[in-house]
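Shown next: structure-v9.cif, given as mmCIF, C-alpha atoms.
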data_query
#
loop_
_atom_site.label_atom_id
_atom_site.label_comp_id
_atom_site.auth_asym_id
_atom_site.auth_seq_id
_atom_site.Cartn_x
_atom_site.Cartn_y
_atom_site.Cartn_z
CA MET A 1 100.21 37.30 52.76
CA LYS A 2 102.85 36.38 50.22
CA VAL A 3 106.54 36.92 50.96
CA TRP A 4 109.93 36.16 49.52
CA ALA A 5 111.76 34.44 52.38
CA LEU A 6 115.48 33.77 52.49
CA HIS A 7 116.27 30.42 54.16
CA GLY A 8 120.06 30.65 53.97
CA PHE A 9 122.75 32.54 52.12
CA GLY A 10 122.52 32.59 48.31
CA LEU A 11 119.73 33.43 45.88
CA ASN A 12 118.97 29.71 45.54
CA GLN A 13 117.73 29.89 49.15
CA LEU A 14 115.02 32.44 48.29
CA ARG A 15 111.47 30.99 48.36
CA PHE A 16 108.04 32.45 47.61
CA GLU A 17 105.78 31.61 50.56
CA GLU A 18 102.38 32.21 52.09
CA ARG A 19 102.34 33.46 55.69
CA PRO A 20 99.65 34.69 58.10
CA VAL A 21 99.08 38.46 58.12
CA PRO A 22 100.71 39.80 61.30
CA LYS A 23 98.80 41.87 63.83
CA PRO A 24 100.60 45.14 64.66
CA THR A 25 101.58 45.71 68.28
CA ALA A 26 100.82 48.99 70.06
CA ASN A 27 103.67 50.92 68.39
CA GLU A 28 103.54 49.32 64.92
CA VAL A 29 101.66 49.80 61.67
CA LEU A 30 100.74 47.19 59.08
CA ILE A 31 101.54 48.19 55.50
CA ARG A 32 100.11 46.61 52.35
CA ILE A 33 103.20 46.63 50.16
CA ALA A 34 102.74 47.84 46.58
CA SER A 35 106.38 47.75 45.42
CA VAL A 36 109.86 46.92 46.63
CA SER A 37 113.40 47.44 45.45
CA LEU A 38 116.47 45.38 46.10
CA ASN A 39 119.39 47.51 47.17
CA TYR A 40 123.06 46.90 47.84
CA ARG A 41 122.34 45.92 51.45
CA ASP A 42 120.04 43.17 50.19
CA LYS A 43 122.79 41.89 47.85
CA LEU A 44 125.27 41.79 50.73
CA LEU A 45 122.67 39.95 52.81
CA TYR A 46 122.11 37.27 50.13
CA ASP A 47 125.86 36.80 49.83
CA GLY A 48 126.33 36.39 53.60
CA LEU A 49 128.47 39.54 53.85
CA TYR A 50 126.06 41.85 55.68
CA ASN A 51 125.52 39.94 58.91
CA PRO A 52 126.75 36.34 58.90
CA GLU A 53 125.00 35.75 62.26
CA LEU A 54 121.47 36.16 60.83
CA ARG A 55 118.80 33.69 61.90
CA PHE A 56 116.77 32.34 59.00
CA PRO A 57 114.25 32.51 57.51
CA ILE A 58 114.05 36.28 56.97
CA VAL A 59 112.25 38.57 54.53
CA PRO A 60 115.21 40.37 52.98
CA VAL A 61 113.76 43.58 51.54
CA ALA A 62 114.78 46.91 53.07
CA ASP A 63 113.00 49.40 50.79
CA ALA A 64 109.28 49.31 50.03
CA ALA A 65 106.26 51.50 49.32
CA GLY A 66 102.64 50.87 50.23
CA GLU A 67 99.59 51.88 52.22
CA VAL A 68 98.91 51.72 55.95
CA VAL A 69 96.06 49.23 56.51
CA GLU A 70 96.14 48.89 60.30
CA VAL A 71 97.64 50.86 63.19
CA GLY A 72 98.53 49.87 66.73
CA GLY A 73 96.78 51.52 69.66
CA ALA A 74 99.69 53.82 70.58
CA VAL A 75 100.36 55.03 67.02
CA ASN A 76 99.41 58.65 66.41
CA ARG A 77 101.65 59.66 63.50
CA PHE A 78 100.08 57.40 60.85
CA ARG A 79 96.50 56.67 59.83
CA ILE A 80 94.85 53.97 57.78
CA GLY A 81 95.10 54.95 54.14
CA ASP A 82 98.39 56.85 54.46
CA LYS A 83 100.83 56.19 51.61
CA VAL A 84 104.25 55.37 53.05
CA VAL A 85 107.75 54.26 52.14
CA THR A 86 110.07 52.20 54.28
CA GLN A 87 113.77 52.67 54.72
CA TYR A 88 116.07 50.31 56.52
CA ALA A 89 118.06 52.08 59.21
CA THR A 90 120.29 50.82 61.98
#

Take the structure in this file and express it as C-alpha cells.
Amino acid sequence: MKVWALHGFGLNQLRFEERPVPKPTANEVLIRIASVSLNYRDKLLYDGLYNPELRFPIVPVADAAGEVVEVGGAVNRFRIGDKVVTQYAT
C-alpha cells in the first residue's frame, strides 16, 4: 500500500512510501482509503506542537473515508463492503 509517512517534524520530513498491507487483528478492520483530509491536528503534528514525544515514522492523517476490505474475527459491527469514515479521537 502507499502511504505518506512523516519521519520527523516539518513538511520536508513527509515522504511517499510503499508499505506491506497490514493484516487486521481480531478487533480491527482494514479500510481501503478513498480520500483523506488534513485537519488542524495534522498541522499541529507536522509542526511538533501536538505531541513532541511522537515516535517516527508515523502516518499523520486523522480523517479519511473508504471501504472495509477485511475484518478481524471478533468484529461484528462492520462487514466487507461497508463504506466508512474515520475520526481521530483520544

To verify the selection step, state as a PDB file with C-alpha atoms, in the frame of the given file which residues the PyMOL selection byres ((chain A and resi 58-65) around 10) yields on this input.
ATOM      1  CA  VAL A   3     106.540  36.920  50.960  1.00  0.00           C
ATOM      2  CA  TRP A   4     109.930  36.160  49.520  1.00  0.00           C
ATOM      3  CA  ALA A   5     111.760  34.440  52.380  1.00  0.00           C
ATOM      4  CA  LEU A   6     115.480  33.770  52.490  1.00  0.00           C
ATOM      5  CA  HIS A   7     116.270  30.420  54.160  1.00  0.00           C
ATOM      6  CA  GLY A   8     120.060  30.650  53.970  1.00  0.00           C
ATOM      7  CA  LEU A  14     115.020  32.440  48.290  1.00  0.00           C
ATOM      8  CA  ARG A  15     111.470  30.990  48.360  1.00  0.00           C
ATOM      9  CA  ILE A  31     101.540  48.190  55.500  1.00  0.00           C
ATOM     10  CA  ARG A  32     100.110  46.610  52.350  1.00  0.00           C
ATOM     11  CA  ILE A  33     103.200  46.630  50.160  1.00  0.00           C
ATOM     12  CA  ALA A  34     102.740  47.840  46.580  1.00  0.00           C
ATOM     13  CA  SER A  35     106.380  47.750  45.420  1.00  0.00           C
ATOM     14  CA  VAL A  36     109.860  46.920  46.630  1.00  0.00           C
ATOM     15  CA  SER A  37     113.400  47.440  45.450  1.00  0.00           C
ATOM     16  CA  LEU A  38     116.470  45.380  46.100  1.00  0.00           C
ATOM     17  CA  ASN A  39     119.390  47.510  47.170  1.00  0.00           C
ATOM     18  CA  TYR A  40     123.060  46.900  47.840  1.00  0.00           C
ATOM     19  CA  ARG A  41     122.340  45.920  51.450  1.00  0.00           C
ATOM     20  CA  ASP A  42     120.040  43.170  50.190  1.00  0.00           C
ATOM     21  CA  LYS A  43     122.790  41.890  47.850  1.00  0.00           C
ATOM     22  CA  LEU A  45     122.670  39.950  52.810  1.00  0.00           C
ATOM     23  CA  TYR A  46     122.110  37.270  50.130  1.00  0.00           C
ATOM     24  CA  LEU A  54     121.470  36.160  60.830  1.00  0.00           C
ATOM     25  CA  ARG A  55     118.800  33.690  61.900  1.00  0.00           C
ATOM     26  CA  PHE A  56     116.770  32.340  59.000  1.00  0.00           C
ATOM     27  CA  PRO A  57     114.250  32.510  57.510  1.00  0.00           C
ATOM     28  CA  GLY A  66     102.640  50.870  50.230  1.00  0.00           C
ATOM     29  CA  GLU A  67      99.590  51.880  52.220  1.00  0.00           C
ATOM     30  CA  VAL A  68      98.910  51.720  55.950  1.00  0.00           C
ATOM     31  CA  LYS A  83     100.830  56.190  51.610  1.00  0.00           C
ATOM     32  CA  VAL A  84     104.250  55.370  53.050  1.00  0.00           C
ATOM     33  CA  VAL A  85     107.750  54.260  52.140  1.00  0.00           C
ATOM     34  CA  THR A  86     110.070  52.200  54.280  1.00  0.00           C
ATOM     35  CA  GLN A  87     113.770  52.670  54.720  1.00  0.00           C
ATOM     36  CA  TYR A  88     116.070  50.310  56.520  1.00  0.00           C
ATOM     37  CA  ALA A  89     118.060  52.080  59.210  1.00  0.00           C
TER      38      ALA A  89
END

- prompt: Hey, what comes out of the PyMOL selection byres ((chain A and resi 69-74) around 8) on this file? Could you write it as JSON, numbers by chain?
  reply: {"A": [24, 25, 26, 27, 28, 29, 30, 31, 32, 67, 68, 75, 76, 78, 79, 80, 81]}

Next, write the just-selected residues to a file, as a compact mmCIF listing (two decimals), in the frame of the given file, keeping C-alpha atoms as the atom set.
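That gives us again-v1.txt:
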# COMPACT_ATOMS: atom_id res chain seq x y z
CA PRO A 24 100.60 45.14 64.66
CA THR A 25 101.58 45.71 68.28
CA ALA A 26 100.82 48.99 70.06
CA ASN A 27 103.67 50.92 68.39
CA GLU A 28 103.54 49.32 64.92
CA VAL A 29 101.66 49.80 61.67
CA LEU A 30 100.74 47.19 59.08
CA ILE A 31 101.54 48.19 55.50
CA ARG A 32 100.11 46.61 52.35
CA GLU A 67 99.59 51.88 52.22
CA VAL A 68 98.91 51.72 55.95
CA VAL A 75 100.36 55.03 67.02
CA ASN A 76 99.41 58.65 66.41
CA PHE A 78 100.08 57.40 60.85
CA ARG A 79 96.50 56.67 59.83
CA ILE A 80 94.85 53.97 57.78
CA GLY A 81 95.10 54.95 54.14

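Take atom CA of A:Asn51 and atom CA of A:Phe16: the distance between them is 22.1 Å.
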
field: d(atom CA of A:Pro22, atom CA of A:Asp82) in Å
entry: 18.5 Å

Any chance you could work out the axis-aligned box around stretch 15-23 of chain A, listed atoms only, 4 Å on each side, giving centre and edge lengths in Å to one decimal, as lines of an AutoDock Vina configuration file?
center_x = 105.1
center_y = 36.4
center_z = 55.7
size_x = 20.7
size_y = 18.9
size_z = 24.2

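Between atom CA of A:Lys23 and atom CA of A:Tyr50 there is a distance of 28.5 Å.
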
Filtering to C-alpha atoms, could chain A of the supplied structure be written out as a PDB file, in the first residue's frame?
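What follows is the written file out-v2.pdb:
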ATOM      1  CA  MET A   1       0.000   0.000   0.000  1.00  0.00           C
ATOM      2  CA  LYS A   2       1.080   3.588  -0.497  1.00  0.00           C
ATOM      3  CA  VAL A   3       1.325   5.980   2.448  1.00  0.00           C
ATOM      4  CA  TRP A   4       2.519   9.450   3.288  1.00  0.00           C
ATOM      5  CA  ALA A   5       4.871   8.899   6.233  1.00  0.00           C
ATOM      6  CA  LEU A   6       6.218  11.637   8.474  1.00  0.00           C
ATOM      7  CA  HIS A   7       9.823  10.943   9.532  1.00  0.00           C
ATOM      8  CA  GLY A   8      10.281  13.987  11.764  1.00  0.00           C
ATOM      9  CA  PHE A   9       8.709  17.363  12.411  1.00  0.00           C
ATOM     10  CA  GLY A  10       8.173  19.625   9.388  1.00  0.00           C
ATOM     11  CA  LEU A  11       6.560  19.092   5.991  1.00  0.00           C
ATOM     12  CA  ASN A  12      10.013  18.478   4.492  1.00  0.00           C
ATOM     13  CA  GLN A  13      10.032  15.229   6.510  1.00  0.00           C
ATOM     14  CA  LEU A  14       6.940  13.879   4.713  1.00  0.00           C
ATOM     15  CA  ARG A  15       7.709  11.013   2.288  1.00  0.00           C
ATOM     16  CA  PHE A  16       5.568   8.969  -0.092  1.00  0.00           C
ATOM     17  CA  GLU A  17       6.316   5.293   0.588  1.00  0.00           C
ATOM     18  CA  GLU A  18       5.281   1.749  -0.228  1.00  0.00           C
ATOM     19  CA  ARG A  19       4.477  -0.499   2.748  1.00  0.00           C
ATOM     20  CA  PRO A  20       3.061  -4.007   3.175  1.00  0.00           C
ATOM     21  CA  VAL A  21      -0.713  -4.210   3.618  1.00  0.00           C
ATOM     22  CA  PRO A  22      -1.351  -4.900   7.317  1.00  0.00           C
ATOM     23  CA  LYS A  23      -3.434  -7.842   8.495  1.00  0.00           C
ATOM     24  CA  PRO A  24      -6.191  -6.772  10.911  1.00  0.00           C
ATOM     25  CA  THR A  25      -6.143  -8.298  14.384  1.00  0.00           C
ATOM     26  CA  ALA A  26      -9.282  -9.792  15.946  1.00  0.00           C
ATOM     27  CA  ASN A  27     -10.833  -6.410  16.826  1.00  0.00           C
ATOM     28  CA  GLU A  28      -9.706  -4.406  13.784  1.00  0.00           C
ATOM     29  CA  VAL A  29     -10.900  -3.728  10.255  1.00  0.00           C
ATOM     30  CA  LEU A  30      -8.824  -2.960   7.182  1.00  0.00           C
ATOM     31  CA  ILE A  31     -10.070   0.010   5.154  1.00  0.00           C
ATOM     32  CA  ARG A  32      -9.153   0.823   1.553  1.00  0.00           C
ATOM     33  CA  ILE A  33      -8.867   4.596   1.800  1.00  0.00           C
ATOM     34  CA  ALA A  34     -10.550   6.613  -0.954  1.00  0.00           C
ATOM     35  CA  SER A  35      -9.923  10.131   0.382  1.00  0.00           C
ATOM     36  CA  VAL A  36      -8.333  11.968   3.279  1.00  0.00           C
ATOM     37  CA  SER A  37      -8.324  15.469   4.668  1.00  0.00           C
ATOM     38  CA  LEU A  38      -5.679  17.261   6.626  1.00  0.00           C
ATOM     39  CA  ASN A  39      -7.096  18.966   9.679  1.00  0.00           C
ATOM     40  CA  TYR A  40      -5.744  21.306  12.325  1.00  0.00           C
ATOM     41  CA  ARG A  41      -4.497  18.380  14.420  1.00  0.00           C
ATOM     42  CA  ASP A  42      -2.384  17.244  11.474  1.00  0.00           C
ATOM     43  CA  LYS A  43      -0.906  20.754  11.122  1.00  0.00           C
ATOM     44  CA  LEU A  44      -0.011  20.804  14.824  1.00  0.00           C
ATOM     45  CA  LEU A  45       1.549  17.357  14.423  1.00  0.00           C
ATOM     46  CA  TYR A  46       3.746  18.461  11.485  1.00  0.00           C
ATOM     47  CA  ASP A  47       4.862  21.492  13.469  1.00  0.00           C
ATOM     48  CA  GLY A  48       5.784  19.420  16.542  1.00  0.00           C
ATOM     49  CA  LEU A  49       3.137  21.109  18.693  1.00  0.00           C
ATOM     50  CA  TYR A  50       0.648  18.250  19.077  1.00  0.00           C
ATOM     51  CA  ASN A  51       2.796  15.647  20.810  1.00  0.00           C
ATOM     52  CA  PRO A  52       6.526  16.347  20.812  1.00  0.00           C
ATOM     53  CA  GLU A  53       7.174  12.816  22.172  1.00  0.00           C
ATOM     54  CA  LEU A  54       5.955  11.057  18.990  1.00  0.00           C
ATOM     55  CA  ARG A  55       8.000   8.161  17.647  1.00  0.00           C
ATOM     56  CA  PHE A  56       8.611   8.372  13.917  1.00  0.00           C
ATOM     57  CA  PRO A  57       7.804   7.404  11.267  1.00  0.00           C
ATOM     58  CA  ILE A  58       4.032   7.852  11.513  1.00  0.00           C
ATOM     59  CA  VAL A  59       1.180   8.180   9.024  1.00  0.00           C
ATOM     60  CA  PRO A  60      -0.219  11.565  10.046  1.00  0.00           C
ATOM     61  CA  VAL A  61      -3.781  11.591   8.718  1.00  0.00           C
ATOM     62  CA  ALA A  62      -6.670  11.620  11.195  1.00  0.00           C
ATOM     63  CA  ASP A  63      -9.689  11.888   8.885  1.00  0.00           C
ATOM     64  CA  ALA A  64     -10.374   9.509   5.999  1.00  0.00           C
ATOM     65  CA  ALA A  65     -13.149   7.803   4.050  1.00  0.00           C
ATOM     66  CA  GLY A  66     -13.101   4.411   2.384  1.00  0.00           C
ATOM     67  CA  GLU A  67     -14.412   0.865   2.225  1.00  0.00           C
ATOM     68  CA  VAL A  68     -13.939  -2.055   4.611  1.00  0.00           C
ATOM     69  CA  VAL A  69     -11.971  -4.760   2.760  1.00  0.00           C
ATOM     70  CA  GLU A  70     -11.180  -7.145   5.626  1.00  0.00           C
ATOM     71  CA  VAL A  71     -12.495  -7.706   9.156  1.00  0.00           C
ATOM     72  CA  GLY A  72     -10.944  -9.359  12.192  1.00  0.00           C
ATOM     73  CA  GLY A  73     -12.543 -12.458  13.678  1.00  0.00           C
ATOM     74  CA  ALA A  74     -14.142 -10.658  16.647  1.00  0.00           C
ATOM     75  CA  VAL A  75     -15.620  -7.792  14.601  1.00  0.00           C
ATOM     76  CA  ASN A  76     -19.399  -7.882  14.300  1.00  0.00           C
ATOM     77  CA  ARG A  77     -20.302  -4.240  13.682  1.00  0.00           C
ATOM     78  CA  PHE A  78     -18.698  -3.902  10.235  1.00  0.00           C
ATOM     79  CA  ARG A  79     -18.760  -6.039   7.101  1.00  0.00           C
ATOM     80  CA  ILE A  80     -16.672  -6.184   3.967  1.00  0.00           C
ATOM     81  CA  GLY A  81     -18.009  -3.594   1.551  1.00  0.00           C
ATOM     82  CA  ASP A  82     -19.223  -1.151   4.219  1.00  0.00           C
ATOM     83  CA  LYS A  83     -18.464   2.492   3.421  1.00  0.00           C
ATOM     84  CA  VAL A  84     -16.865   4.142   6.448  1.00  0.00           C
ATOM     85  CA  VAL A  85     -15.246   7.334   7.684  1.00  0.00           C
ATOM     86  CA  THR A  86     -12.552   7.599  10.313  1.00  0.00           C
ATOM     87  CA  GLN A  87     -12.277  10.188  13.025  1.00  0.00           C
ATOM     88  CA  TYR A  88      -9.344  10.633  15.317  1.00  0.00           C
ATOM     89  CA  ALA A  89     -10.388  10.561  18.960  1.00  0.00           C
ATOM     90  CA  THR A  90      -8.429  10.417  22.177  1.00  0.00           C
TER      91      THR A  90
END
